[in-house]
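Notes follow the structure.
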Amino acid sequence: MNFGLSEEQEMIVETVRAFVETEIYPHENEVERSGIVPPELGDEIRRKCIDLGFYACNFPEEVGGAGLDHVTFTLVERELGRGSLGLTVFFGRPSGILMACEGEQRERYLLPAVRGEKIDALAITEPDAGSDMRGMKCAARRDGGDFVLNGTKHFISHADVADFVIVFAATGEEETPKGIKKKITAFLVDRGTPGFEILKGYDSVSHRGYHNSTLNFTDCRIPEAQVLGEVHRGFDLANQWLYGTRLTVAATCVGRARRVFDLALPYAAERKQFGKPIGANQGVSFKLADMITEIDAADWLTLAAAWQVDAGRPADRQIASAKLYASEMLARVTDEAIQIFGGMGLMDDLPLARFWRDARVERIWDGTSEIQRHIISRDLLRPLGA
C-alpha cells in the first residue's frame, strides 16, 4: 500500500493551492458581503485557469481535457475546496455526463464546454422530487420529431451563468418491482430557447455568490437531436455520472476543513488565557486532536474511493461513505474551530462563520446523508438477501 503522492501529483496540489490562495482568497470577503461575483471577475478566473492548463481537467485528453485520473482530480477538488465556491466554480470542471454527447452534440456542447467557451448546469431537482428522482413531474412528450417540455426545476446550481442546461424530465412510465416509476430522459437545452425561463432562486445562508436558480419550462420545444444519451435511459445516465459529484463534495469538504484547522491550530498555540496558551489546556488540545484525526480519516476515505474508481472496481459504497463522513466531519470541525476561537469565531473579521454556514448544505446536496446511508446499508445487506 503506497499512500504517497507522485511527483506530478505533488506539483498539481501545490499549483492549485497557490492558485486558490492568490486568485480566490483576495475576493472572498467582497463576494460574501455582496453575494455577487462580477462577470468580469468570473471571466478572469476562467481565463487564468485555461492559461494554467487546468480547465476541464476532469475530461480525457482526446476531447481536450487534461486527462487526470480520479485520484489526481480528487486532489484538485480538495484544494479548490479551500476557496469560496462562488469563485472556484469558474475553475471549470464541466459535468462529466457530457461525455455521453454524440455526433453534432460534441461540437455544439461537449467541446465548447471543455474549451471554456460554454458553461453547463445540471437540472434534476424539483420542488417535489429531490432524493426521489423518479418522482419528478417535469415532463416531456413527443410531438413529431421534437419533445415538448413542461414543468419546473429548482435549486439548480450556477444556472444563472450557464449557456446551456442538462435537463432531466419524465418521458413515460414503467412497471418495476416497487410499482410504477417514471422513465427519465436527459435533454440539452440552450439558454434562450423559447419556453425556457431562468429565474432567480432562493437566498441561501450557504455559499454566497454561488447561486441557485429556478427553471420554468412552458411548451419548450426540444429537437430529438438534443436528447443526451438514449430516450428513457436518463436515470441510468445520471447514476453513471453522479459518483463524480459526490466525490467532489467529499474532497471539497476535506479541503475546507483543512483550511479551518490551519486557522485554529496557530490560534490555540498563540492565544493566552490564565498565563498560558489555550492549546495547553486539554479542553482545547483534545479538540485539535479529534479535528485532525477526523480530517485525515475523511481525506484517506475519499482518496481510497477515487482509487477504487480508477481500479475499475465497484465503488458505490466507498463513495457514499466518503461523501457521508466528509460532509458530517466538516460540520463538526467548523463548529469546534469556532469554539476554540470563542466569540471571535463568529465575527466577520474571520471566515469561520462563513465556513460554518457553508458546511450545512454539504449534508444535503448531491444526495443527503440519509441517501448515503441507504446506499451503504443496501450494499452490505443485499448479498445476504436482506
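Starting from 1 in every chain, residues are counted up; chains themselves are A, B, ... following the order of the C-alpha cells, and ligands are numbered from 1 as listed.
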Residue neighbourhood stretch 4-8 of chain A, 10 Å, only C-alpha atoms, exclusion window fewer than 5 positions, as a count of residues only: 5
Give me, as a list in words, all polymer residues having an atom no more than 6 Å from stretch 91-102 of chain A, counting only C-alpha atoms and skipping those fewer than 6 positions away in the same chain. Arg46, Cys49, Tyr55, Ala56, Leu110, Gly229 and Trp241 of chain A
Save out the residues we just selected, C-alpha atoms, as a tab-separated table (two decimals), in the first residue's frame.
chain	number	residue	atom	x	y	z
A	46	ARG	CA	-11.77	31.13	-16.10
A	49	CYS	CA	-7.45	28.56	-15.32
A	55	TYR	CA	-9.70	23.88	-17.32
A	56	ALA	CA	-11.81	20.72	-17.75
A	110	LEU	CA	-19.07	18.94	-25.25
A	229	GLY	CA	-27.86	9.51	-24.31
A	241	TRP	CA	-22.02	10.06	-13.51
Using only C-alpha atoms, find each residue of stretch 174-281 of chain A with at least one atom at most 12 Å away from an atom of stretch 369-382 of chain A; report its shortest atom-to-atom pair and that distance in Å (one decimal), sort the rows by chain and rising residue number, and return the result as a Markdown table.
| residue | atom | partner | partner_atom | distance |
| --- | --- | --- | --- | --- |
| A:Tyr243 | CA | A:Gln372 | CA | 11.3 |
| A:Arg246 | CA | A:Gln372 | CA | 9.7 |
| A:Val249 | CA | A:Ser369 | CA | 11.9 |
| A:Ala250 | CA | A:Ser369 | CA | 11.8 |
Considering only C-alpha atoms, can you say which of A:Ala159, A:Val205, A:Leu324, A:Leu330 comes closest to A:Ala359? A:Leu330
